[in-house]
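Q: Below is data28.txt; it holds compact mmCIF, C-alpha atoms.
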# COMPACT_ATOMS: atom_id res chain seq x y z
CA MET A 1236 0.00 0.00 0.00
CA SER A 1237 1.30 3.47 -0.83
CA ALA A 1238 1.97 6.19 1.73
CA VAL A 1239 -0.82 8.77 1.86
CA LEU A 1240 0.74 10.86 4.63
CA GLU A 1241 4.42 11.27 5.40
CA LEU A 1242 5.92 13.52 8.02
CA ARG A 1243 9.71 13.74 7.76
CA ARG A 1244 11.59 15.21 10.69
CA VAL A 1245 8.76 17.65 11.33
CA SER A 1246 9.28 20.20 14.11
CA LYS A 1247 7.03 23.01 15.23
CA VAL A 1248 8.03 25.92 17.42
CA TYR A 1249 5.61 28.55 18.74
CA GLY A 1250 6.93 31.91 19.95
CA SER A 1251 10.58 32.76 20.43
CA GLY A 1252 13.06 33.55 23.14
CA PRO A 1253 12.00 32.76 26.69
CA SER A 1254 8.39 32.16 25.61
CA GLU A 1255 9.40 29.61 22.96
CA VAL A 1256 7.42 26.38 23.00
CA GLN A 1257 8.65 23.38 21.06
CA ALA A 1258 5.38 21.63 20.18
CA LEU A 1259 6.85 18.96 17.87
CA ARG A 1260 10.42 17.69 17.76
CA SER A 1261 11.63 15.92 14.63
CA VAL A 1262 8.58 13.74 14.13
CA ASP A 1263 8.68 10.99 11.50
CA LEU A 1264 5.38 9.33 10.66
CA THR A 1265 4.10 7.43 7.63
CA VAL A 1266 0.48 6.39 7.19
CA LYS A 1267 -0.38 4.11 4.31
CA ALA A 1268 -3.62 3.75 2.37
CA GLY A 1269 -5.91 1.41 4.28
CA GLU A 1270 -4.17 2.00 7.60
CA LEU A 1271 -5.67 3.54 10.74
CA VAL A 1272 -3.15 5.11 13.11
CA ALA A 1273 -3.97 6.53 16.55
CA ILE A 1274 -1.76 9.20 18.07
CA MET A 1275 -1.99 9.01 21.83
CA GLY A 1276 -0.55 11.34 24.39
CA PRO A 1277 -1.40 13.54 27.36
CA SER A 1278 -2.66 17.12 27.08
CA GLY A 1279 0.00 19.39 25.65
CA SER A 1280 2.02 16.53 24.15
CA GLY A 1281 1.73 17.94 20.61
CA LYS A 1282 -0.81 15.51 19.18
CA SER A 1283 -3.28 18.16 17.98
CA THR A 1284 -0.43 20.21 16.46
CA LEU A 1285 0.62 17.09 14.59
CA LEU A 1286 -2.91 16.74 13.21
CA THR A 1287 -3.20 20.35 12.06
CA ILE A 1288 0.19 20.15 10.32
CA ALA A 1289 -0.74 16.82 8.70
CA GLY A 1290 -3.95 18.49 7.50
CA THR A 1291 -2.00 21.47 6.05
CA LEU A 1292 -3.95 23.82 8.31
CA GLU A 1293 -0.65 24.96 9.79
CA ASP A 1294 2.96 24.95 8.55
CA ALA A 1295 5.81 23.02 10.13
CA SER A 1296 8.75 25.12 11.38
CA SER A 1297 11.08 22.58 9.78
CA GLY A 1298 10.89 19.21 8.10
CA GLU A 1299 8.63 18.05 5.32
CA VAL A 1300 4.99 16.98 4.95
CA LEU A 1301 4.01 14.90 1.94
CA ILE A 1302 0.44 14.05 1.03
CA THR A 1303 0.02 11.31 -1.56
CA GLY A 1304 3.71 11.86 -2.34
CA ALA A 1305 3.47 15.62 -2.99
CA PRO A 1306 5.52 17.88 -0.70
CA VAL A 1307 3.06 20.38 0.79
CA SER A 1308 5.72 23.12 1.00
CA THR A 1309 5.92 23.30 -2.82
CA LEU A 1310 2.18 23.94 -3.24
CA SER A 1311 0.70 27.41 -3.67
CA LYS A 1312 -1.96 28.67 -1.26
CA ASN A 1313 -4.70 27.80 -3.74
CA GLU A 1314 -3.27 24.37 -4.44
CA ARG A 1315 -3.20 23.65 -0.74
CA ALA A 1316 -6.79 24.76 -0.29
CA SER A 1317 -7.77 22.49 -3.16
CA LEU A 1318 -5.80 19.58 -1.64
CA ARG A 1319 -7.66 20.11 1.64
CA ARG A 1320 -11.06 20.07 -0.04
CA ARG A 1321 -10.36 17.15 -2.37
CA SER A 1322 -8.08 14.79 -0.50
CA ILE A 1323 -8.41 15.43 3.22
CA GLY A 1324 -11.40 14.93 5.48
CA TYR A 1325 -11.55 16.32 9.01
CA VAL A 1326 -13.65 15.07 11.91
CA PHE A 1327 -13.84 16.93 15.22
CA GLN A 1328 -15.23 16.04 18.61
CA ASP A 1329 -18.06 18.59 18.32
CA PHE A 1330 -19.06 17.46 14.80
CA ASN A 1331 -18.74 20.98 13.23
CA LEU A 1332 -21.86 20.57 11.09
CA LEU A 1333 -23.46 23.74 9.73
CA ALA A 1334 -26.76 24.14 11.56
CA GLY A 1335 -28.61 25.77 8.65
CA LEU A 1336 -27.86 22.95 6.21
CA THR A 1337 -29.39 19.49 5.98
CA ALA A 1338 -27.27 16.36 6.47
CA LEU A 1339 -26.96 15.97 2.70
CA GLU A 1340 -26.07 19.65 2.17
CA ASN A 1341 -23.41 19.40 4.86
CA VAL A 1342 -21.87 16.45 3.04
CA THR A 1343 -22.04 18.00 -0.45
CA LEU A 1344 -20.90 21.54 0.42
CA PRO A 1345 -17.10 20.89 0.35
CA MET A 1346 -17.44 19.08 -3.00
CA GLU A 1347 -19.49 21.92 -4.49
CA LEU A 1348 -16.97 24.48 -3.19
CA ASP A 1349 -14.38 22.47 -5.03
CA GLY A 1350 -16.27 22.98 -8.30
CA LEU A 1351 -18.14 19.67 -8.54
CA ALA A 1352 -21.50 20.16 -10.28
CA GLY A 1353 -24.48 20.14 -7.91
CA LYS A 1354 -25.90 16.94 -9.37
CA ALA A 1355 -22.64 14.98 -9.13
CA ALA A 1356 -22.00 16.30 -5.60
CA ARG A 1357 -25.51 15.28 -4.60
CA ALA A 1358 -25.00 11.76 -5.98
CA ALA A 1359 -21.68 11.41 -4.11
CA GLY A 1360 -23.29 12.81 -0.95
CA ILE A 1361 -26.21 10.38 -1.09
CA GLU A 1362 -23.79 7.51 -1.66
CA ALA A 1363 -21.72 8.56 1.40
CA LEU A 1364 -24.84 8.84 3.57
CA ARG A 1365 -26.08 5.48 2.31
CA ARG A 1366 -22.80 3.83 3.29
CA PHE A 1367 -23.29 5.14 6.80
CA ASP A 1368 -26.89 4.01 6.95
CA LEU A 1369 -28.12 7.60 6.94
CA ALA A 1370 -29.90 7.77 3.57
CA ASP A 1371 -33.25 8.30 5.28
CA LYS A 1372 -31.81 11.21 7.30
CA ALA A 1373 -30.51 13.16 4.27
CA GLY A 1374 -33.12 15.91 4.63
CA ARG A 1375 -32.75 16.34 8.40
CA TYR A 1376 -31.03 19.32 9.99
CA PRO A 1377 -28.27 18.68 12.58
CA ASP A 1378 -30.53 19.54 15.51
CA GLU A 1379 -32.95 16.84 14.32
CA LEU A 1380 -30.22 14.16 14.58
CA SER A 1381 -28.83 12.30 17.61
CA GLY A 1382 -25.18 12.81 18.61
CA GLY A 1383 -24.17 9.51 17.00
CA GLU A 1384 -26.00 10.39 13.77
CA ARG A 1385 -24.37 13.84 13.67
CA GLN A 1386 -20.92 12.32 13.95
CA ARG A 1387 -21.76 9.78 11.24
CA VAL A 1388 -22.79 12.68 8.97
CA ALA A 1389 -19.48 14.41 9.81
CA ILE A 1390 -17.56 11.25 8.84
CA ALA A 1391 -19.62 10.86 5.67
CA ARG A 1392 -18.67 14.46 4.82
CA ALA A 1393 -15.03 13.70 5.59
CA ILE A 1394 -14.77 10.74 3.22
CA ALA A 1395 -17.31 11.70 0.51
CA GLY A 1396 -15.91 12.00 -2.99
CA ASP A 1397 -12.37 10.80 -3.43
CA ARG A 1398 -10.80 11.69 -0.10
CA ARG A 1399 -7.62 9.80 0.71
CA LEU A 1400 -6.80 11.03 4.20
CA LEU A 1401 -9.15 11.13 7.20
CA LEU A 1402 -7.94 13.19 10.17
CA ALA A 1403 -9.93 13.03 13.38
CA ASP A 1404 -9.51 14.79 16.72
CA GLU A 1405 -11.25 12.88 19.55
CA PRO A 1406 -14.09 11.89 17.17
CA THR A 1407 -16.04 9.94 19.78
CA GLY A 1408 -15.42 12.27 22.71
CA ALA A 1409 -19.01 13.51 22.76
CA LEU A 1410 -20.58 10.06 22.40
CA ASP A 1411 -21.34 7.19 24.77
CA SER A 1412 -19.19 4.10 24.29
CA VAL A 1413 -21.70 2.13 22.19
CA ASN A 1414 -22.34 5.05 19.79
CA GLY A 1415 -18.60 5.71 19.77
CA GLU A 1416 -18.07 2.11 18.73
CA ALA A 1417 -20.56 2.48 15.86
CA VAL A 1418 -18.60 5.51 14.63
CA MET A 1419 -15.30 3.64 14.85
CA ARG A 1420 -16.72 0.69 12.90
CA LEU A 1421 -17.46 3.16 10.10
CA VAL A 1422 -13.99 4.70 10.28
CA ARG A 1423 -12.48 1.21 10.06
CA ALA A 1424 -14.71 0.40 7.10
CA ALA A 1425 -13.57 3.59 5.35
CA CYS A 1426 -9.95 2.56 5.94
CA ARG A 1427 -10.62 -0.93 4.57
CA ASP A 1428 -11.82 0.84 1.41
CA GLY A 1429 -8.40 2.51 1.07
CA VAL A 1430 -8.61 5.70 3.14
CA ALA A 1431 -5.62 6.44 5.41
CA GLY A 1432 -6.85 7.46 8.86
CA VAL A 1433 -5.17 9.37 11.68
CA ILE A 1434 -6.94 9.83 14.99
CA VAL A 1435 -5.56 11.82 17.89
CA THR A 1436 -6.89 10.92 21.28
CA HIS A 1437 -6.09 10.39 24.92
CA ASP A 1438 -8.80 7.71 25.07
CA ALA A 1439 -7.36 4.18 25.15
CA GLN A 1440 -10.64 2.60 24.11
CA LEU A 1441 -10.81 4.72 20.96
CA ALA A 1442 -7.12 4.16 20.19
CA SER A 1443 -7.61 0.39 20.40
CA TRP A 1444 -9.51 0.52 17.10
CA ALA A 1445 -6.32 1.54 15.29
CA ASP A 1446 -3.94 -0.78 13.46
CA ARG A 1447 -1.07 1.06 15.10
CA ILE A 1448 -0.90 3.31 18.15
CA VAL A 1449 1.83 5.92 18.22
CA PHE A 1450 2.66 7.47 21.61
CA ILE A 1451 3.70 11.10 21.72
CA ARG A 1452 5.21 12.89 24.69
CA ASP A 1453 6.66 16.40 24.87
CA GLY A 1454 6.43 16.72 21.08
CA ARG A 1455 8.37 13.53 20.42
CA ILE A 1456 7.23 10.10 19.29
CA VAL A 1457 8.40 7.87 22.11
CA ASP A 1458 6.88 4.49 21.32
CA GLN A 1459 4.37 2.57 19.22
CA THR A 1460 2.45 -0.67 19.42
CA ALA A 1461 3.53 -3.77 17.55
CA PRO A 1462 1.07 -5.14 14.99
CA PRO A 1463 -1.49 -6.91 17.17
CA PRO A 1464 -1.82 -10.69 16.93
CA GLY A 1465 -5.23 -11.87 15.81
CA PRO A 1466 -8.11 -11.98 18.27
CA GLU A 1467 -7.88 -15.78 18.27
CA SER A 1468 -4.88 -15.36 20.59
CA LEU A 1469 -7.36 -14.39 23.31
CA LEU A 1470 -9.15 -17.71 23.14
CA THR A 1471 -7.11 -19.45 25.77
CA PRO A 1472 -8.58 -21.35 28.67
CA GLY A 1473 -9.12 -18.91 31.51
CA ALA A 1474 -12.12 -20.33 33.32
CA THR A 1475 -11.86 -21.76 36.78
CA ALA A 1476 -14.26 -24.11 38.46
CA MET B 1485 -15.32 -16.44 37.07
CA SER B 1486 -17.62 -19.01 38.63
CA VAL B 1487 -18.30 -21.98 36.37
CA ARG B 1488 -20.42 -23.42 39.18
CA HIS B 1489 -22.90 -20.54 39.03
CA ALA B 1490 -22.77 -20.28 35.26
CA LEU B 1491 -23.90 -23.93 35.05
CA LEU B 1492 -26.70 -23.31 37.54
CA ALA B 1493 -27.81 -20.36 35.38
CA LEU B 1494 -27.84 -22.51 32.25
CA LEU B 1495 -29.91 -25.16 34.03
CA SER B 1496 -32.39 -22.60 35.30
CA ASP B 1497 -34.42 -22.73 32.06
CA GLY B 1498 -34.66 -26.52 31.93
CA PRO B 1499 -32.75 -29.82 32.27
CA LYS B 1500 -29.68 -30.29 30.07
CA TYR B 1501 -26.89 -32.76 29.26
CA GLY B 1502 -23.26 -32.01 30.18
CA LEU B 1503 -22.10 -31.53 26.60
CA GLN B 1504 -25.01 -29.24 25.91
CA LEU B 1505 -24.09 -27.15 28.98
CA ARG B 1506 -20.55 -26.75 27.72
CA GLN B 1507 -21.73 -25.62 24.26
CA GLU B 1508 -24.23 -23.15 25.71
CA PHE B 1509 -21.67 -21.77 28.16
CA GLU B 1510 -19.20 -21.04 25.36
CA ALA B 1511 -21.86 -19.59 23.07
CA LYS B 1512 -23.16 -17.26 25.77
CA THR B 1513 -19.73 -15.92 26.69
CA GLY B 1514 -18.81 -15.19 23.09
CA GLU B 1515 -16.46 -18.23 23.15
CA VAL B 1516 -13.94 -16.06 25.00
CA TRP B 1517 -13.86 -18.47 27.95
CA PRO B 1518 -13.45 -21.99 26.57
CA LEU B 1519 -14.41 -24.73 28.96
CA ASN B 1520 -13.26 -28.34 28.79
CA VAL B 1521 -15.67 -31.20 29.25
CA GLY B 1522 -13.79 -32.42 32.30
CA GLN B 1523 -14.37 -29.10 34.05
CA VAL B 1524 -18.09 -29.31 33.28
CA TYR B 1525 -18.49 -32.83 34.70
CA THR B 1526 -16.34 -32.17 37.76
CA THR B 1527 -18.38 -29.08 38.54
CA LEU B 1528 -21.68 -30.94 37.95
CA GLN B 1529 -20.58 -33.71 40.33
CA ARG B 1530 -19.81 -31.13 43.03
CA LEU B 1531 -23.14 -29.39 42.46
CA GLU B 1532 -24.93 -32.73 42.75
CA ARG B 1533 -23.00 -33.60 45.93
CA ASP B 1534 -24.08 -30.26 47.40
CA GLY B 1535 -27.72 -30.85 46.44
CA LEU B 1536 -27.83 -27.94 44.02
CA VAL B 1537 -28.54 -30.07 40.95
CA GLU B 1538 -29.87 -33.57 40.49
CA SER B 1539 -29.31 -36.03 37.66
CA ASP B 1540 -31.64 -38.40 35.81
CA ASP B 1541 -29.86 -41.50 36.83
CA ALA B 1542 -27.25 -41.95 39.48
CA GLU B 1543 -25.96 -45.13 37.81
CA THR B 1544 -24.90 -43.82 34.40
CA ASP B 1545 -22.23 -41.25 33.71
CA GLY B 1546 -21.33 -39.59 30.43
CA PRO B 1547 -22.85 -37.39 27.76
CA GLN B 1548 -26.36 -38.87 28.02
CA LYS B 1549 -26.76 -38.02 31.68
CA GLY B 1550 -29.19 -35.15 32.14
CA PHE B 1551 -29.06 -32.60 34.96
CA ARG B 1552 -31.65 -30.26 36.44
CA ILE B 1553 -31.43 -27.51 39.01
CA THR B 1554 -32.95 -28.06 42.47
CA ALA B 1555 -34.80 -25.47 44.59
CA ALA B 1556 -31.63 -25.11 46.69
CA GLY B 1557 -29.62 -24.59 43.47
CA HIS B 1558 -32.03 -21.89 42.38
CA GLY B 1559 -31.67 -20.17 45.76
CA GLU B 1560 -27.88 -20.38 45.50
CA LEU B 1561 -27.98 -18.85 41.99
CA MET B 1562 -30.23 -15.95 43.03
CA GLY B 1563 -28.03 -15.24 46.05
CA TRP B 1564 -24.86 -15.25 43.94
CA LEU B 1565 -26.31 -12.86 41.34
CA ARG B 1566 -26.92 -10.27 44.03
CA THR B 1567 -23.65 -10.73 45.91
CA PRO B 1568 -21.27 -7.79 45.34
CA GLY B 1569 -18.07 -8.69 43.51
CA GLY B 1570 -15.85 -7.67 46.41
CA ASP B 1571 -14.45 -4.63 44.59
CA ASP B 1572 -14.82 -2.34 47.61
CA ALA B 1573 -11.49 -3.25 49.18
CA PRO B 1574 -8.53 -2.67 46.87
CA PRO B 1575 -6.73 -5.81 45.76
CA ARG B 1576 -2.95 -5.93 46.06
CA ASP B 1577 -2.36 -4.73 42.54
CA GLU B 1578 0.89 -6.01 41.11
CA LEU B 1579 1.29 -3.08 38.74
CA VAL B 1580 0.77 -0.51 41.50
CA ILE B 1581 3.36 -2.30 43.61
CA LYS B 1582 5.82 -2.40 40.69
CA VAL B 1583 5.50 1.35 40.13
CA LEU B 1584 5.86 2.11 43.85
CA VAL B 1585 8.93 -0.10 44.00
CA ALA B 1586 10.37 1.41 40.78
CA MET B 1587 10.37 4.84 42.42
CA THR B 1588 12.80 3.53 45.01
CA VAL B 1589 15.16 1.61 42.73
CA PRO B 1590 18.16 3.65 41.51
CA GLY B 1591 18.50 3.95 37.74
CA VAL B 1592 14.87 3.11 36.84
CA ASP B 1593 13.13 5.57 34.49
CA VAL B 1594 9.62 5.36 35.93
CA ALA B 1595 7.98 7.20 33.00
CA GLU B 1596 9.53 4.69 30.60
CA LEU B 1597 8.35 1.84 32.81
CA LEU B 1598 4.79 3.22 32.74
CA GLN B 1599 5.01 3.32 28.94
CA VAL B 1600 6.09 -0.32 28.75
CA HIS B 1601 2.97 -1.32 30.65
CA ARG B 1602 0.76 1.14 28.74
CA ARG B 1603 1.88 -0.33 25.41
CA HIS B 1604 1.26 -3.87 26.58
CA LEU B 1605 -2.23 -2.99 27.85
CA LEU B 1606 -3.16 -1.19 24.63
CA GLN B 1607 -2.01 -4.12 22.54
CA THR B 1608 -4.30 -6.37 24.57
CA MET B 1609 -7.14 -3.85 24.17
CA GLN B 1610 -6.53 -3.88 20.40
CA ARG B 1611 -6.97 -7.66 20.39
CA TYR B 1612 -10.30 -7.44 22.23
CA THR B 1613 -11.45 -4.67 19.91
CA ARG B 1614 -10.53 -6.83 16.87
CA LEU B 1615 -12.46 -9.71 18.43
CA LYS B 1616 -15.52 -7.47 18.78
CA GLU B 1617 -15.07 -6.05 15.30
CA SER B 1618 -14.78 -9.48 13.69
CA ALA B 1619 -18.01 -10.69 15.32
CA ALA B 1620 -21.53 -9.78 14.31
CA GLU B 1621 -22.73 -6.57 15.98
CA ASP B 1622 -25.63 -8.47 17.53
CA ASP B 1623 -23.40 -11.12 19.15
CA LEU B 1624 -24.40 -9.89 22.58
CA GLY B 1625 -22.43 -12.41 24.64
CA LEU B 1626 -19.16 -11.63 22.92
CA ALA B 1627 -19.76 -7.86 22.98
CA LEU B 1628 -20.44 -7.88 26.73
CA VAL B 1629 -17.39 -10.01 27.52
CA ALA B 1630 -15.11 -7.95 25.25
CA ASP B 1631 -16.49 -4.67 26.68
CA ALA B 1632 -15.84 -5.87 30.23
CA GLU B 1633 -12.21 -6.66 29.42
CA ILE B 1634 -11.73 -3.44 27.43
CA PHE B 1635 -13.15 -1.27 30.24
CA ARG B 1636 -11.04 -3.10 32.83
CA LEU B 1637 -7.86 -2.59 30.81
CA GLU B 1638 -8.81 1.02 30.05
CA ALA B 1639 -9.08 1.73 33.78
CA VAL B 1640 -5.49 0.52 34.23
CA VAL B 1641 -4.32 2.69 31.31
CA ARG B 1642 -6.04 5.68 32.91
CA TRP B 1643 -4.26 4.94 36.16
CA LEU B 1644 -0.92 4.86 34.27
CA ASP B 1645 -1.79 8.17 32.58
CA ALA B 1646 -2.61 9.77 35.92
CA ALA B 1647 0.59 8.35 37.43
CA ASP B 1648 2.54 9.82 34.52
CA VAL B 1649 1.10 13.31 35.11
CA ARG B 1650 1.65 13.09 38.87
CA LEU B 1651 5.25 11.96 38.46
CA LYS B 1652 5.87 14.82 36.04
CA ARG B 1653 4.46 17.36 38.50
CA PHE B 1654 6.11 15.91 41.58
CA PRO B 1655 9.13 13.87 40.48
CA PRO B 1656 10.17 11.43 43.20
CA ALA B 1657 13.48 12.20 44.86
CA PRO B 1658 16.26 10.08 43.34
CA ALA B 1659 16.72 6.86 45.26
CA ALA B 1660 19.61 7.18 47.66
CA ALA B 1661 22.58 4.83 47.60
CA PRO B 1662 22.37 2.06 50.21
CA ALA B 1663 23.26 3.58 53.57
CA ALA B 1664 25.25 2.03 56.40
CA PRO B 1665 23.13 0.71 59.29
CA ALA B 1666 22.15 3.46 61.72
CA PRO B 1667 23.83 3.59 65.13
CA GLU B 1668 22.09 1.75 67.95
CA ALA B 1669 20.92 4.94 69.72
CA GLU B 1670 19.23 6.28 66.53
CA ARG B 1671 17.50 2.99 65.88
CA ARG B 1672 15.95 3.00 69.33
CA ALA B 1673 14.72 6.60 69.08
CA GLU B 1674 11.08 7.13 68.02
CA PRO B 1675 10.65 8.99 64.70
CA ALA B 1676 9.74 12.64 65.43
CA ALA B 1677 6.53 12.65 63.39
CA ARG B 1678 5.34 9.16 62.68
CA ARG B 1679 2.46 9.14 60.21
CA PRO B 1680 -0.63 7.22 61.24
CA ARG B 1681 -1.08 4.00 59.31
CA ARG B 1682 -3.76 4.21 56.66
CA THR B 1683 -5.38 0.94 55.76
CA LEU B 1684 -8.34 0.06 53.61
CA GLY B 1685 -8.53 -3.61 54.48
CA VAL B 1686 -6.32 -4.55 51.51
CA ARG B 1687 -7.02 -7.98 50.08
CA SER B 1688 -4.06 -10.15 49.26
What is this structure when it is put down as structure tokens?

A:
Amino acid sequence: MSAVLELRRVSKVYGSGPSEVQALRSVDLTVKAGELVAIMGPSGSGKSTLLTIAGTLEDASSGEVLITGAPVSTLSKNERASLRRRSIGYVFQDFNLLAGLTALENVTLPMELDGLAGKAARAAGIEALRRFDLADKAGRYPDELSGGERQRVAIARAIAGDRRLLLADEPTGALDSVNGEAVMRLVRAACRDGVAGVIVTHDAQLASWADRIVFIRDGRIVDQTAPPPGPESLLTPGATA
Amino acid sequence: MSVRHALLALLSDGPKYGLQLRQEFEAKTGEVWPLNVGQVYTTLQRLERDGLVESDDAETDGPQKGFRITAAGHGELMGWLRTPGGDDAPPRDELVIKVLVAMTVPGVDVAELLQVHRRHLLQTMQRYTRLKESAAEDDLGLALVADAEIFRLEAVVRWLDAADVRLKRFPPAPAAAPAAPAPEAERRAEPAARRPRRTLGVRS
């Protein structure tokens, strides 16, 4: 599988002099198509900075970010904006749906902004909602949806069209564990279909859905999980009479 | 986990054979807790000895021997369901002890030690999550068993995270090099401010 996201020796410094904060320190990270990676770390460890730099919402102070092989630093402002609309989907804890638009309009808006004809965007939007079992909710406004449904619409919006990279910041933070699980099943399904996913979280339960968990501390990647053995390894006798 | 009470529960909706009990037990726990036939029959024999189940025929043993729950068995089952799990007194947690000990051993990077355990726990959580993911969403038995393990492991990870933050805020003083035994007079003297012992009835 090809690399969708590559961070090469990425550092990020905020401020200067005595107020300087080193948010990221020489971070290397590669996420391939079909892979779901969780970035785990305590508050202030740099995980959200990593996500905004990976999503081209912010520039690295040094190092290189490549998305589908293209170095972001060589792209013009417009090219970057286009890359964000076409290739990258964002999911946030608080859903970030536009209250005045229906579920379908929320999903189609980024595609229409990117120049896709209304009809084609609508077809792609309906397809994305259908995949997430939300076709019958297409005409509902966000305040007519449950929390779990709102987050499913946000994920549908994030992967509609031909998005390659899904970036999520605590996507299940506002949901109970069973609804959170339903959302993560959909994220996993999107990754199985070839999307590369990156989730930042401090929630171990959420991180356990990832293929790989990367641990960040003080702006540095300090550890990661080994590829997990299959679930059959759990089926060992453990019962006692 | 109590196989004894699980078997009583399975018998509470009607008489069953030993093999059937084993199959139902595994199906209802999402096959996460395999049970061998020997365990089933040993437990059934003990239940019968205690008057909690009775069998069709005292003469024959083996797969064709049926068992049914007695009134005493039903009472035992109902009592067990309502008995608290004994989580009110803290167990002697090996991981907690390891971290407490690590703070006193020279040369041990406690934050790194916490990470070793965190990684191990998350890898185990990943396996339970895969197990849940690979099963049908309506496989209730498996989902409940996997959830229980995931929540249990998550609680330990949260403890490690909290320990990490506390150690960062209040780093323990470096462990001192082994000291020579104190002189006799000092050993006999009472400490100036001895802290009262705090106990919570720790289980071993």

Q: Do a neighbour search on region 1500-1512 of chain B at 6 Å with all atoms listed in the file, toss out local chain neighbours closer than 5 positions, and write the hits as a PyMOL selection string.

A: chain B and resi 1518+1547+1549-1551+1625

Q: Quick one: which residues from chain B are at most 9 Å off chain A, using all atoms listed in the file, as a count of residues only?

A: 40

Q: Measure the distance from CA of Glu1405 (chain A) to CA of Leu1626 (chain B) in Å and round it to one decimal.

A: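 Spanning CA of Glu1405 (chain A) to CA of Leu1626 (chain B) is a straight-line distance of 26.0 Å.
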
Q: Select, from A:Thr1303, A:Glu1340, A:Ala1268, A:Gly1396, the residue with the minimum atom-to-atom distance to Arg1321 (chain A), counting only C-alpha atoms.

A: A:Gly1396

Q: What's around region 1558-1567 of chain B at 12 Å? Count all atoms listed in the file, leave out sequence neighbours fewer than 3 positions away in its own chain, and write the answer as a PyMOL selection string.

A: chain B and resi 1485-1498+1531+1534-1537+1552-1555+1570-1571

Q: Restrict the selected residues to C-alpha atoms and save them as a JSON list (two decimals), in the frame of the given file.

A:
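Final file, result-v8.json:
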[["chain", "number", "residue", "atom", "x", "y", "z"],
["B", 1485, "MET", "CA", -15.32, -16.44, 37.07],
["B", 1486, "SER", "CA", -17.62, -19.01, 38.63],
["B", 1487, "VAL", "CA", -18.30, -21.98, 36.37],
["B", 1488, "ARG", "CA", -20.42, -23.42, 39.18],
["B", 1489, "HIS", "CA", -22.90, -20.54, 39.03],
["B", 1490, "ALA", "CA", -22.77, -20.28, 35.26],
["B", 1491, "LEU", "CA", -23.90, -23.93, 35.05],
["B", 1492, "LEU", "CA", -26.70, -23.31, 37.54],
["B", 1493, "ALA", "CA", -27.81, -20.36, 35.38],
["B", 1494, "LEU", "CA", -27.84, -22.51, 32.25],
["B", 1495, "LEU", "CA", -29.91, -25.16, 34.03],
["B", 1496, "SER", "CA", -32.39, -22.60, 35.30],
["B", 1497, "ASP", "CA", -34.42, -22.73, 32.06],
["B", 1498, "GLY", "CA", -34.66, -26.52, 31.93],
["B", 1531, "LEU", "CA", -23.14, -29.39, 42.46],
["B", 1534, "ASP", "CA", -24.08, -30.26, 47.40],
["B", 1535, "GLY", "CA", -27.72, -30.85, 46.44],
["B", 1536, "LEU", "CA", -27.83, -27.94, 44.02],
["B", 1537, "VAL", "CA", -28.54, -30.07, 40.95],
["B", 1552, "ARG", "CA", -31.65, -30.26, 36.44],
["B", 1553, "ILE", "CA", -31.43, -27.51, 39.01],
["B", 1554, "THR", "CA", -32.95, -28.06, 42.47],
["B", 1555, "ALA", "CA", -34.80, -25.47, 44.59],
["B", 1570, "GLY", "CA", -15.85, -7.67, 46.41],
["B", 1571, "ASP", "CA", -14.45, -4.63, 44.59]]

Q: As JSON, numbers by chain, please: the residues near Val1326 (chain A) (cut-off 12 Å, all atoms listed in the file, same-chain neighbours under 6 positions excluded).

A: {"A": [1286, 1287, 1290, 1332, 1385, 1386, 1387, 1388, 1389, 1390, 1391, 1392, 1393, 1394, 1400, 1401, 1402, 1403, 1404, 1405, 1406, 1407, 1408, 1418, 1419, 1422, 1432, 1433, 1434, 1435]}

Q: Around the point (6.0, 9.1, 9.5) (coordinates from the file), which residues reach within 8 Å if we count all atoms listed in the file? Answer as a list in words.

A: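 In the file's frame, the residues around the point are Leu1240, Glu1241, Leu1242, Arg1243, Val1262, Asp1263, Leu1264, Thr1265 and Val1266 of chain A.
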
Q: CA of Glu1532 (chain B) and CA of Gly1557 (chain B) are how many Å apart?

A: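 Going from CA of Glu1532 (chain B) over to CA of Gly1557 (chain B) covers 9.4 Å.
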
Q: What separation in Å, quoted to one decimal, exists between CA of Met1346 (chain A) and CA of Ile1288 (chain A)?

A: 22.1 Å
